[in-house]
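Below: work.cif (mmCIF, N, CA and C atoms and all ligand atoms)
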data_run
#
loop_
_atom_site.label_atom_id
_atom_site.label_comp_id
_atom_site.auth_asym_id
_atom_site.auth_seq_id
_atom_site.Cartn_x
_atom_site.Cartn_y
_atom_site.Cartn_z
N MET A 19 -6.85 57.81 -30.59
CA MET A 19 -8.26 57.50 -30.86
C MET A 19 -8.33 56.36 -31.86
N GLU A 20 -9.20 55.43 -31.56
CA GLU A 20 -9.37 54.30 -32.47
C GLU A 20 -9.99 54.79 -33.78
N THR A 21 -9.43 54.33 -34.92
CA THR A 21 -10.07 54.73 -36.19
C THR A 21 -11.08 53.66 -36.59
N LEU A 22 -12.30 54.10 -36.73
CA LEU A 22 -13.38 53.19 -37.09
C LEU A 22 -13.58 53.23 -38.60
N PRO A 23 -13.98 52.11 -39.19
CA PRO A 23 -14.27 52.12 -40.63
C PRO A 23 -15.40 53.10 -40.95
N GLU A 24 -15.29 53.75 -42.11
CA GLU A 24 -16.31 54.72 -42.55
C GLU A 24 -17.71 54.13 -42.48
N LYS A 25 -17.81 52.85 -42.88
CA LYS A 25 -19.14 52.21 -42.91
C LYS A 25 -19.73 52.11 -41.50
N THR A 26 -18.86 51.80 -40.53
CA THR A 26 -19.33 51.68 -39.14
C THR A 26 -19.78 53.04 -38.63
N ILE A 27 -18.98 54.07 -38.93
CA ILE A 27 -19.36 55.43 -38.51
C ILE A 27 -20.71 55.78 -39.12
N ASP A 28 -20.87 55.48 -40.38
CA ASP A 28 -22.11 55.79 -41.08
C ASP A 28 -23.30 55.08 -40.43
N GLN A 29 -23.12 53.83 -40.07
CA GLN A 29 -24.21 53.06 -39.44
C GLN A 29 -24.56 53.63 -38.07
N LEU A 30 -23.51 54.00 -37.32
CA LEU A 30 -23.74 54.54 -35.97
C LEU A 30 -24.45 55.90 -36.05
N VAL A 31 -24.04 56.72 -37.01
CA VAL A 31 -24.67 58.03 -37.21
C VAL A 31 -26.13 57.85 -37.60
N ARG A 32 -26.40 56.90 -38.47
CA ARG A 32 -27.80 56.65 -38.87
C ARG A 32 -28.63 56.18 -37.67
N ALA A 33 -28.04 55.34 -36.82
CA ALA A 33 -28.77 54.85 -35.64
C ALA A 33 -29.07 56.01 -34.68
N ALA A 34 -28.11 56.90 -34.50
CA ALA A 34 -28.33 58.06 -33.61
C ALA A 34 -29.40 58.98 -34.20
N SER A 35 -29.33 59.17 -35.51
CA SER A 35 -30.30 60.03 -36.18
C SER A 35 -31.71 59.44 -36.07
N ALA A 36 -31.83 58.14 -36.24
CA ALA A 36 -33.14 57.48 -36.14
C ALA A 36 -33.68 57.56 -34.72
N ALA A 37 -32.79 57.47 -33.73
CA ALA A 37 -33.23 57.50 -32.32
C ALA A 37 -33.82 58.86 -31.96
N ARG A 38 -33.41 59.90 -32.66
CA ARG A 38 -33.96 61.25 -32.43
C ARG A 38 -35.48 61.26 -32.54
N ALA A 39 -36.01 60.40 -33.40
CA ALA A 39 -37.47 60.38 -33.64
C ALA A 39 -38.23 60.06 -32.35
N PHE A 40 -37.58 59.39 -31.41
CA PHE A 40 -38.26 58.98 -30.17
C PHE A 40 -38.06 59.99 -29.05
N ALA A 41 -37.31 61.06 -29.31
CA ALA A 41 -37.04 62.04 -28.25
C ALA A 41 -38.35 62.55 -27.65
N TYR A 42 -38.35 62.67 -26.32
CA TYR A 42 -39.48 63.26 -25.62
C TYR A 42 -39.00 64.62 -25.13
N ALA A 43 -39.27 65.65 -25.92
CA ALA A 43 -38.72 66.97 -25.64
C ALA A 43 -39.79 68.06 -25.79
N PRO A 44 -40.91 67.93 -25.03
CA PRO A 44 -41.99 68.91 -25.20
C PRO A 44 -41.63 70.29 -24.67
N TYR A 45 -40.63 70.40 -23.82
CA TYR A 45 -40.28 71.69 -23.20
C TYR A 45 -39.25 72.44 -24.03
N SER A 46 -38.17 71.79 -24.36
CA SER A 46 -37.12 72.48 -25.13
C SER A 46 -37.37 72.36 -26.63
N LYS A 47 -38.12 71.35 -27.05
CA LYS A 47 -38.30 71.03 -28.48
C LYS A 47 -36.97 70.69 -29.16
N PHE A 48 -35.97 70.40 -28.35
CA PHE A 48 -34.63 70.09 -28.89
C PHE A 48 -34.44 68.58 -28.82
N ARG A 49 -34.54 67.95 -29.98
CA ARG A 49 -34.55 66.49 -30.01
C ARG A 49 -33.14 65.97 -30.28
N VAL A 50 -32.72 65.02 -29.47
CA VAL A 50 -31.36 64.47 -29.57
C VAL A 50 -31.44 62.95 -29.62
N GLY A 51 -30.61 62.35 -30.45
CA GLY A 51 -30.47 60.89 -30.49
C GLY A 51 -29.02 60.51 -30.26
N ALA A 52 -28.81 59.34 -29.69
CA ALA A 52 -27.45 58.86 -29.46
C ALA A 52 -27.40 57.37 -29.78
N ALA A 53 -26.21 56.89 -30.15
CA ALA A 53 -26.03 55.46 -30.38
C ALA A 53 -24.63 55.06 -29.92
N LEU A 54 -24.58 54.04 -29.09
CA LEU A 54 -23.31 53.49 -28.60
C LEU A 54 -22.91 52.29 -29.44
N LEU A 55 -21.62 52.15 -29.67
CA LEU A 55 -21.10 51.00 -30.42
C LEU A 55 -20.32 50.09 -29.47
N CYS A 56 -20.72 48.83 -29.39
CA CYS A 56 -20.01 47.84 -28.58
C CYS A 56 -18.97 47.15 -29.46
N PRO A 57 -17.93 46.55 -28.84
CA PRO A 57 -16.87 45.90 -29.62
C PRO A 57 -17.39 44.78 -30.52
N ASP A 58 -18.51 44.15 -30.14
CA ASP A 58 -19.07 43.06 -30.97
C ASP A 58 -19.96 43.60 -32.10
N GLY A 59 -20.02 44.94 -32.24
CA GLY A 59 -20.80 45.52 -33.32
C GLY A 59 -22.21 45.93 -32.93
N ARG A 60 -22.61 45.50 -31.73
CA ARG A 60 -23.96 45.86 -31.27
C ARG A 60 -24.09 47.37 -31.11
N MET A 61 -25.22 47.92 -31.48
CA MET A 61 -25.47 49.35 -31.32
C MET A 61 -26.67 49.55 -30.42
N ILE A 62 -26.51 50.40 -29.41
CA ILE A 62 -27.58 50.64 -28.44
C ILE A 62 -27.92 52.13 -28.47
N THR A 63 -29.17 52.43 -28.72
CA THR A 63 -29.58 53.82 -28.94
C THR A 63 -30.26 54.43 -27.71
N GLY A 64 -30.36 55.75 -27.74
CA GLY A 64 -31.09 56.47 -26.70
C GLY A 64 -31.54 57.81 -27.24
N CYS A 65 -32.51 58.42 -26.54
CA CYS A 65 -32.97 59.76 -26.91
C CYS A 65 -33.13 60.55 -25.61
N ASN A 66 -33.25 61.87 -25.74
CA ASN A 66 -33.48 62.66 -24.52
C ASN A 66 -34.92 62.49 -24.05
N VAL A 67 -35.07 62.44 -22.73
CA VAL A 67 -36.38 62.27 -22.10
C VAL A 67 -36.52 63.39 -21.07
N GLU A 68 -37.38 64.36 -21.40
CA GLU A 68 -37.53 65.53 -20.53
C GLU A 68 -38.61 65.28 -19.49
N ASN A 69 -38.65 66.20 -18.51
CA ASN A 69 -39.64 66.11 -17.45
C ASN A 69 -40.14 67.51 -17.11
N VAL A 70 -41.39 67.59 -16.66
CA VAL A 70 -41.96 68.88 -16.29
C VAL A 70 -41.14 69.51 -15.16
N SER A 71 -40.52 68.70 -14.35
CA SER A 71 -39.52 69.19 -13.38
C SER A 71 -38.20 69.16 -14.14
N TYR A 72 -37.86 70.27 -14.79
CA TYR A 72 -36.86 70.28 -15.85
C TYR A 72 -35.54 69.58 -15.49
N GLY A 73 -35.13 69.71 -14.23
CA GLY A 73 -33.84 69.15 -13.81
C GLY A 73 -33.80 67.63 -13.87
N LEU A 74 -34.95 67.01 -14.01
CA LEU A 74 -34.97 65.54 -14.07
C LEU A 74 -34.76 65.01 -15.48
N THR A 75 -34.60 65.93 -16.42
CA THR A 75 -34.36 65.53 -17.82
C THR A 75 -33.14 64.64 -17.94
N VAL A 76 -33.24 63.63 -18.79
CA VAL A 76 -32.10 62.75 -19.07
C VAL A 76 -31.71 62.93 -20.54
N CYS A 77 -30.44 63.21 -20.77
CA CYS A 77 -29.94 63.41 -22.14
C CYS A 77 -29.93 62.08 -22.91
N ALA A 78 -29.87 62.20 -24.22
CA ALA A 78 -29.85 61.03 -25.09
C ALA A 78 -28.67 60.09 -24.78
N GLU A 79 -27.51 60.69 -24.52
CA GLU A 79 -26.30 59.88 -24.28
C GLU A 79 -26.46 59.02 -23.03
N ARG A 80 -27.00 59.67 -21.96
CA ARG A 80 -27.15 58.90 -20.71
C ARG A 80 -28.26 57.88 -20.83
N THR A 81 -29.31 58.18 -21.58
CA THR A 81 -30.35 57.17 -21.82
C THR A 81 -29.72 55.94 -22.47
N ALA A 82 -28.85 56.17 -23.46
CA ALA A 82 -28.22 55.05 -24.17
C ALA A 82 -27.32 54.25 -23.22
N VAL A 83 -26.54 54.96 -22.39
CA VAL A 83 -25.64 54.25 -21.47
C VAL A 83 -26.45 53.41 -20.47
N LEU A 84 -27.51 54.00 -19.92
CA LEU A 84 -28.30 53.26 -18.92
C LEU A 84 -29.01 52.07 -19.55
N LYS A 85 -29.50 52.25 -20.76
CA LYS A 85 -30.10 51.11 -21.47
C LYS A 85 -29.07 50.01 -21.67
N ALA A 86 -27.88 50.41 -22.15
CA ALA A 86 -26.84 49.43 -22.48
C ALA A 86 -26.42 48.64 -21.25
N VAL A 87 -26.11 49.36 -20.17
CA VAL A 87 -25.62 48.69 -18.96
C VAL A 87 -26.70 47.76 -18.40
N SER A 88 -27.94 48.21 -18.48
CA SER A 88 -29.03 47.38 -17.93
C SER A 88 -29.32 46.17 -18.80
N GLU A 89 -28.70 46.15 -20.00
CA GLU A 89 -28.86 44.97 -20.87
C GLU A 89 -27.57 44.16 -20.91
N GLY A 90 -26.62 44.50 -20.05
CA GLY A 90 -25.39 43.69 -19.93
C GLY A 90 -24.21 44.19 -20.73
N ALA A 91 -24.34 45.31 -21.44
CA ALA A 91 -23.23 45.85 -22.23
C ALA A 91 -22.52 46.94 -21.42
N ARG A 92 -21.19 46.81 -21.30
CA ARG A 92 -20.43 47.80 -20.52
C ARG A 92 -19.20 48.29 -21.26
N SER A 93 -19.00 47.76 -22.44
CA SER A 93 -17.79 48.10 -23.19
C SER A 93 -18.22 48.83 -24.45
N PHE A 94 -17.71 50.05 -24.62
CA PHE A 94 -18.13 50.86 -25.76
C PHE A 94 -16.92 51.43 -26.47
N ASP A 95 -16.91 51.29 -27.78
CA ASP A 95 -15.82 51.87 -28.59
C ASP A 95 -16.13 53.29 -29.02
N ALA A 96 -17.42 53.58 -29.21
CA ALA A 96 -17.79 54.89 -29.76
C ALA A 96 -19.22 55.23 -29.39
N VAL A 97 -19.51 56.53 -29.48
CA VAL A 97 -20.88 57.01 -29.36
C VAL A 97 -21.11 58.04 -30.45
N ALA A 98 -22.28 58.02 -31.05
CA ALA A 98 -22.68 59.08 -31.99
C ALA A 98 -23.82 59.86 -31.34
N VAL A 99 -23.78 61.17 -31.51
CA VAL A 99 -24.79 62.07 -30.95
C VAL A 99 -25.34 62.91 -32.08
N CYS A 100 -26.67 62.94 -32.22
CA CYS A 100 -27.26 63.65 -33.35
C CYS A 100 -28.31 64.65 -32.89
N ALA A 101 -28.12 65.92 -33.29
CA ALA A 101 -29.11 66.97 -33.03
C ALA A 101 -29.25 67.79 -34.30
N ASP A 102 -30.44 68.37 -34.48
CA ASP A 102 -30.71 69.12 -35.71
C ASP A 102 -30.25 70.57 -35.55
N THR A 103 -28.96 70.77 -35.63
CA THR A 103 -28.34 72.08 -35.49
C THR A 103 -27.45 72.32 -36.71
N ASP A 104 -27.06 73.57 -36.93
CA ASP A 104 -26.16 73.84 -38.06
C ASP A 104 -24.81 73.16 -37.82
N GLU A 105 -24.29 73.35 -36.61
CA GLU A 105 -23.03 72.70 -36.22
C GLU A 105 -23.38 71.58 -35.24
N PRO A 106 -22.72 70.42 -35.32
CA PRO A 106 -23.04 69.33 -34.39
C PRO A 106 -22.81 69.76 -32.94
N VAL A 107 -23.67 69.25 -32.04
CA VAL A 107 -23.47 69.52 -30.61
C VAL A 107 -22.58 68.44 -30.00
N THR A 108 -21.88 68.82 -28.95
CA THR A 108 -21.07 67.86 -28.19
C THR A 108 -21.82 67.49 -26.92
N PRO A 109 -21.53 66.32 -26.34
CA PRO A 109 -22.23 65.91 -25.11
C PRO A 109 -22.00 66.90 -23.97
N CYS A 110 -23.02 67.06 -23.11
CA CYS A 110 -22.87 67.96 -21.95
C CYS A 110 -21.87 67.35 -20.97
N GLY A 111 -21.48 68.16 -19.99
CA GLY A 111 -20.47 67.71 -19.03
C GLY A 111 -20.87 66.46 -18.26
N ALA A 112 -22.14 66.41 -17.83
CA ALA A 112 -22.60 65.24 -17.08
C ALA A 112 -22.49 63.98 -17.93
N CYS A 113 -22.89 64.08 -19.20
CA CYS A 113 -22.82 62.91 -20.08
C CYS A 113 -21.38 62.50 -20.36
N ARG A 114 -20.49 63.48 -20.47
CA ARG A 114 -19.07 63.14 -20.69
C ARG A 114 -18.56 62.29 -19.53
N GLN A 115 -18.91 62.69 -18.31
CA GLN A 115 -18.44 61.93 -17.14
C GLN A 115 -19.04 60.53 -17.12
N VAL A 116 -20.31 60.41 -17.47
CA VAL A 116 -20.97 59.09 -17.47
C VAL A 116 -20.37 58.20 -18.56
N LEU A 117 -20.11 58.77 -19.73
CA LEU A 117 -19.47 58.00 -20.81
C LEU A 117 -18.07 57.57 -20.39
N ALA A 118 -17.33 58.47 -19.71
CA ALA A 118 -15.95 58.19 -19.32
C ALA A 118 -15.85 57.04 -18.32
N GLU A 119 -16.92 56.81 -17.59
CA GLU A 119 -16.94 55.69 -16.63
C GLU A 119 -16.63 54.37 -17.35
N PHE A 120 -17.07 54.28 -18.60
CA PHE A 120 -16.96 53.00 -19.31
C PHE A 120 -15.83 52.96 -20.32
N ASN A 121 -15.44 54.11 -20.85
CA ASN A 121 -14.27 54.17 -21.72
C ASN A 121 -13.86 55.64 -21.91
N PRO A 122 -12.87 56.09 -21.14
CA PRO A 122 -12.50 57.51 -21.20
C PRO A 122 -11.88 57.91 -22.53
N ALA A 123 -11.59 56.93 -23.38
CA ALA A 123 -10.98 57.25 -24.68
C ALA A 123 -11.88 56.87 -25.84
N MET A 124 -13.18 56.70 -25.58
CA MET A 124 -14.06 56.29 -26.70
C MET A 124 -14.14 57.40 -27.75
N THR A 125 -14.46 56.98 -28.96
CA THR A 125 -14.65 57.93 -30.06
C THR A 125 -16.03 58.55 -29.93
N VAL A 126 -16.09 59.87 -30.08
CA VAL A 126 -17.37 60.59 -29.98
C VAL A 126 -17.64 61.25 -31.33
N ILE A 127 -18.69 60.79 -31.99
CA ILE A 127 -19.04 61.33 -33.31
C ILE A 127 -20.25 62.25 -33.13
N CYS A 128 -20.03 63.53 -33.36
CA CYS A 128 -21.10 64.51 -33.21
C CYS A 128 -21.63 64.81 -34.61
N CYS A 129 -22.94 64.67 -34.79
CA CYS A 129 -23.46 64.73 -36.16
C CYS A 129 -24.79 65.45 -36.24
N THR A 130 -25.15 65.81 -37.46
CA THR A 130 -26.45 66.43 -37.73
C THR A 130 -27.18 65.58 -38.78
N PRO A 131 -28.51 65.69 -38.84
CA PRO A 131 -29.24 64.92 -39.85
C PRO A 131 -28.83 65.27 -41.28
N SER A 132 -28.28 66.47 -41.46
CA SER A 132 -27.88 66.86 -42.82
C SER A 132 -26.51 66.30 -43.21
N GLY A 133 -25.87 65.60 -42.29
CA GLY A 133 -24.66 64.87 -42.67
C GLY A 133 -23.33 65.48 -42.28
N THR A 134 -23.35 66.46 -41.35
CA THR A 134 -22.07 67.00 -40.87
C THR A 134 -21.61 66.20 -39.67
N ASN A 135 -20.43 65.61 -39.76
CA ASN A 135 -19.88 64.84 -38.64
C ASN A 135 -18.59 65.49 -38.15
N ILE A 136 -18.44 65.59 -36.83
CA ILE A 136 -17.15 65.96 -36.25
C ILE A 136 -16.78 64.85 -35.28
N VAL A 137 -15.56 64.33 -35.42
CA VAL A 137 -15.13 63.19 -34.61
C VAL A 137 -14.11 63.65 -33.57
N TYR A 138 -14.38 63.29 -32.32
CA TYR A 138 -13.48 63.61 -31.20
C TYR A 138 -13.13 62.32 -30.48
N SER A 139 -12.12 62.44 -29.61
CA SER A 139 -11.93 61.41 -28.59
C SER A 139 -12.52 61.98 -27.31
N LEU A 140 -13.16 61.11 -26.51
CA LEU A 140 -13.73 61.59 -25.24
C LEU A 140 -12.64 62.21 -24.36
N SER A 141 -11.41 61.72 -24.50
CA SER A 141 -10.32 62.25 -23.66
C SER A 141 -10.00 63.70 -24.01
N GLU A 142 -10.32 64.14 -25.22
CA GLU A 142 -10.12 65.57 -25.52
C GLU A 142 -11.31 66.41 -25.07
N LEU A 143 -12.51 65.79 -25.01
CA LEU A 143 -13.69 66.52 -24.53
C LEU A 143 -13.73 66.59 -23.00
N LEU A 144 -13.12 65.60 -22.36
CA LEU A 144 -13.10 65.57 -20.89
C LEU A 144 -11.70 65.18 -20.40
N PRO A 145 -10.74 66.09 -20.55
CA PRO A 145 -9.39 65.79 -20.07
C PRO A 145 -9.38 65.75 -18.54
N ASN A 146 -8.54 64.93 -17.98
CA ASN A 146 -8.40 64.84 -16.51
C ASN A 146 -9.75 64.54 -15.83
N ALA A 147 -10.49 63.59 -16.40
CA ALA A 147 -11.78 63.22 -15.82
C ALA A 147 -11.61 62.79 -14.37
N PHE A 148 -12.62 63.07 -13.56
CA PHE A 148 -12.59 62.62 -12.16
C PHE A 148 -12.48 61.11 -12.11
N ASN A 149 -11.60 60.63 -11.24
CA ASN A 149 -11.48 59.20 -11.02
C ASN A 149 -10.99 59.03 -9.59
N LEU A 150 -11.36 57.92 -8.94
CA LEU A 150 -10.89 57.69 -7.58
C LEU A 150 -9.42 57.35 -7.63
N LYS A 151 -8.61 58.06 -6.89
CA LYS A 151 -7.17 57.75 -6.82
C LYS A 151 -6.99 56.82 -5.61
N LYS A 152 -6.88 55.54 -5.89
CA LYS A 152 -6.76 54.59 -4.78
C LYS A 152 -5.29 54.30 -4.50
N1 LIG B 1 -29.48 67.17 -24.64
C1 LIG B 1 -29.10 65.91 -24.96
O1 LIG B 1 -29.92 64.97 -24.96
N2 LIG B 1 -27.81 65.68 -25.27
C2 LIG B 1 -26.87 66.66 -25.43
O2 LIG B 1 -25.73 66.36 -25.77
C3 LIG B 1 -27.23 68.07 -25.17
C4 LIG B 1 -28.57 68.30 -24.57
C5 LIG B 1 -30.90 67.43 -24.36
C6 LIG B 1 -31.27 67.74 -22.95
C7 LIG B 1 -32.56 68.52 -23.14
O3 LIG B 1 -33.64 67.61 -23.27
C8 LIG B 1 -32.38 69.22 -24.47
O4 LIG B 1 -31.32 68.55 -25.13
C9 LIG B 1 -32.06 70.69 -24.36
O5 LIG B 1 -30.98 70.91 -23.53
#
Show the structure stored in the file as structure tokens.
Amino acid sequence: METLPEKTIDQLVRAASAARAFAYAPYSKFRVGAALLCPDGRMITGCNVENVSYGLTVCAERTAVLKAVSEGARSFDAVAVCADTDEPVTPCGACRQVLAEFNPAMTVICCTPSGTNIVYSLSELLPNAFNLKK
């Protein structure tokens, strides 16, 4: 796993925490923010966007990935995910697969607004990710 400078982790965590404010979560009331880090230092944020047809909900991590790719960014060193829980939450299975599309070894920083961070590699959260064997 790439070791990121403390300052960069701190900035990414703050960006994910700030993105939580935009969460649209009227059904679950569970607000999540995410922030992706590009190699050039750019940070792209996302929040969860729920729908009355619950299955159409998009998690914060996937919102961030779709925003990033649609703006021309496809290379990510890390993602921070922030939810207001006692213990940080990890990305759901669908988001792990979507993140792995772009970097199966990216750093995943799971954090809370109160400042608890747990750092993983995506490869430990999603070992043996599906990939086309050509
Ligand atoms: N959610 C995320 O945005 N990211 C996660 O890592 C876990 C779950 C959202 C989806 C839904 O809007 C709410 O949290 C409750 O599951």
> Do you know which residues are within 5 Å of ligand LIG 1 (chain B) using all atoms listed in the file? Can you write them as a ChimeraX atom specification?
Replying inline: /A:48,50,66,77-79,108-110
>> Considering only strand (DSSP E or B) as DSSP defines it on the backbone, what residues of chain A qualify? List them as a PyMOL selection string.
In response: chain A and resi 42+50-55+61-65+67+76+96-101+125-129+135-139
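Proximity ranking of A:Val116, A:Ala101, A:Thr63, A:Ser46 relative to Pro131 of chain A places A:Ala101 first, based on only N, CA and C atoms.
These residues, each with an atom at most 8 Å from (-18.0, 49.3, -22.7) using all atoms listed in the file, are Leu55, Cys56, Pro57, Ala91, Arg92, Ser93, Phe94, Asp95, Ala96, Glu119, Phe120 and Asn121 of chain A.
Coordinates place atom C of Ser141 of chain A at a distance of 20.1 Å from atom N of Ala52 of chain A.
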>> At a cut-off of 6.5 Å, using only N, CA and C atoms, what residues contact segment 26-31 of chain A? Leave out same-chain residues fewer than 5 positions from it and give the result as a count of residues only.
In response: 3
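Nearest to Cys113 of chain A of all the residues A:Thr21, A:Tyr72, A:Ile62, A:Arg80 is A:Arg80, based on all atoms listed in the file.
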>> I need the residue nearest Arg49 of chain A from this list: A:Ile136, A:Leu143, A:Cys65, A:Leu117. Use only C-alpha atoms for the distance.
In response: A:Cys65
>> So, with all atoms listed in the file as the atoms that count, which of A:Gly73, A:Val107, A:Ser139, A:Val99 lies closest to Met124 of chain A?
In response: A:Ser139
